[in-house]
Amino acid sequence: MDFWVWWLIAAGGFAIALVLTTMPEFGMLAAGAVAAAAAAGLTDSLVIQVIVFAVVSTALIIVVQPIARRSRMGPPVLSTGVDALMGRTAIVLERVDGRSGRIKLAGEEWSARSLSDDDTYEPGSQVSVVEIDGATAVVM
């Protein structure tokens, strides 16, 4: 049997290992084996075929791993809705205490209460939104 057939069998083995283990390195080894099969079609030198396999596999691993690592980390999660309001600064419109109050948050008027029952905030002061409880902003 010709060497290119053995390289394709190796590529298939690496592809099966990729599917079973979900390790992307096996996919790069499979691509290296396909490149070695192409080299085997051009030359009978086993040394050149092994060099092609090693160079292509190593190059793919070196290039693809940082890209894969960045994609796994992904972009920062985009907060939307009320989650985007937590941590924002608001202006007190009506006195805020542990039970009630009004604030201006993100251009809208919200009902508010302080995080602690003992804290009070006077109109004009700035507060930070800790959480949104229904339609009420909890501030400190």
# chains A, B, ... in the order shown; residues from 1 in each chain; ligands from 1
$ residues_around --residues "Pro123 in chain A" --least-positions-apart "3" --cutoff "12 Å" --atoms "only C-alpha atoms" --output "JSON, numbers by chain"
{"A": [90, 91, 92, 93, 94, 95, 96, 97, 101, 102, 103, 104, 120, 126, 127]}
$ select_by_dssp --residues "range 58-89 of chain A" --states "alpha helix (DSSP H)" --output "short mmCIF file (atom, residue, chain, number, x, y, z; two decimals) with C-alpha atoms, in the first residue's frame"
data_model
loop_
_atom_site.label_atom_id
_atom_site.label_comp_id
_atom_site.auth_asym_id
_atom_site.auth_seq_id
_atom_site.Cartn_x
_atom_site.Cartn_y
_atom_site.Cartn_z
CA THR A 58 3.02 22.51 14.56
CA ALA A 59 2.23 25.66 12.56
CA LEU A 60 -1.52 25.08 12.91
CA ILE A 61 -1.26 24.46 16.64
CA ILE A 62 0.88 27.59 17.14
CA VAL A 63 -1.46 29.77 15.08
CA VAL A 64 -4.85 28.38 16.11
CA GLN A 65 -4.41 27.92 19.88
CA PRO A 66 -4.20 31.65 20.74
CA ILE A 67 -7.21 32.35 18.54
CA ALA A 68 -9.18 29.55 20.19
CA ARG A 69 -8.16 30.74 23.66
CA ARG A 70 -9.42 34.26 22.88
CA SER A 71 -12.71 32.96 21.52
CA ARG A 72 -13.26 30.80 24.62
CA MET A 73 -12.79 33.80 26.85
#
$ residues_around --residues "Val130 in chain A" --least-positions-apart "5" --cutoff "7 Å" --atoms "only C-alpha atoms" --output "PyMOL selection string"
chain A and resi 86-87+138-140
$ select_by_dssp --residues "chain A" --states "strand (DSSP E or B)" --output "ChimeraX atom specification"
/A:89-94,96,102-105,108-114,121,126-133,136-139
$ residues_around --residues "Ala11 in chain A" --least-positions-apart "4" --cutoff "10 Å" --atoms "only C-alpha atoms" --output "number ranges by chain"
A: 5-7, 15-17, 26-37
$ residues_around --residues "Arg99 in chain A" --least-positions-apart "3" --cutoff "8 Å" --atoms "only C-alpha atoms" --output "list in words"
Val96, Arg113, Ser114 and Asp117 of chain A
$ closest_residue --among "A:Ala40, A:Val19, A:Leu115, A:Ile132" --to "Met1 in chain A" --atoms "only C-alpha atoms"
A:Ala40
$ closest_residue --among "A:Thr43, A:Thr89, A:Ser111, A:Thr80" --to "Asp133 in chain A" --atoms "only C-alpha atoms"
A:Ser111
$ atom_distance --atom1 "CA of Ala137 in chain A" --atom2 "CA of Arg88 in chain A"
10.7 Å
$ residues_around --residues "Leu42 in chain A" --least-positions-apart "4" --cutoff "12 Å" --atoms "only C-alpha atoms" --output "VMD selection string"
chain A and resid 2 to 4 35 to 38 46 48 to 49 52
$ atom_distance --atom1 "CA of Asp44 in chain A" --atom2 "CA of Glu25 in chain A"
27.0 Å
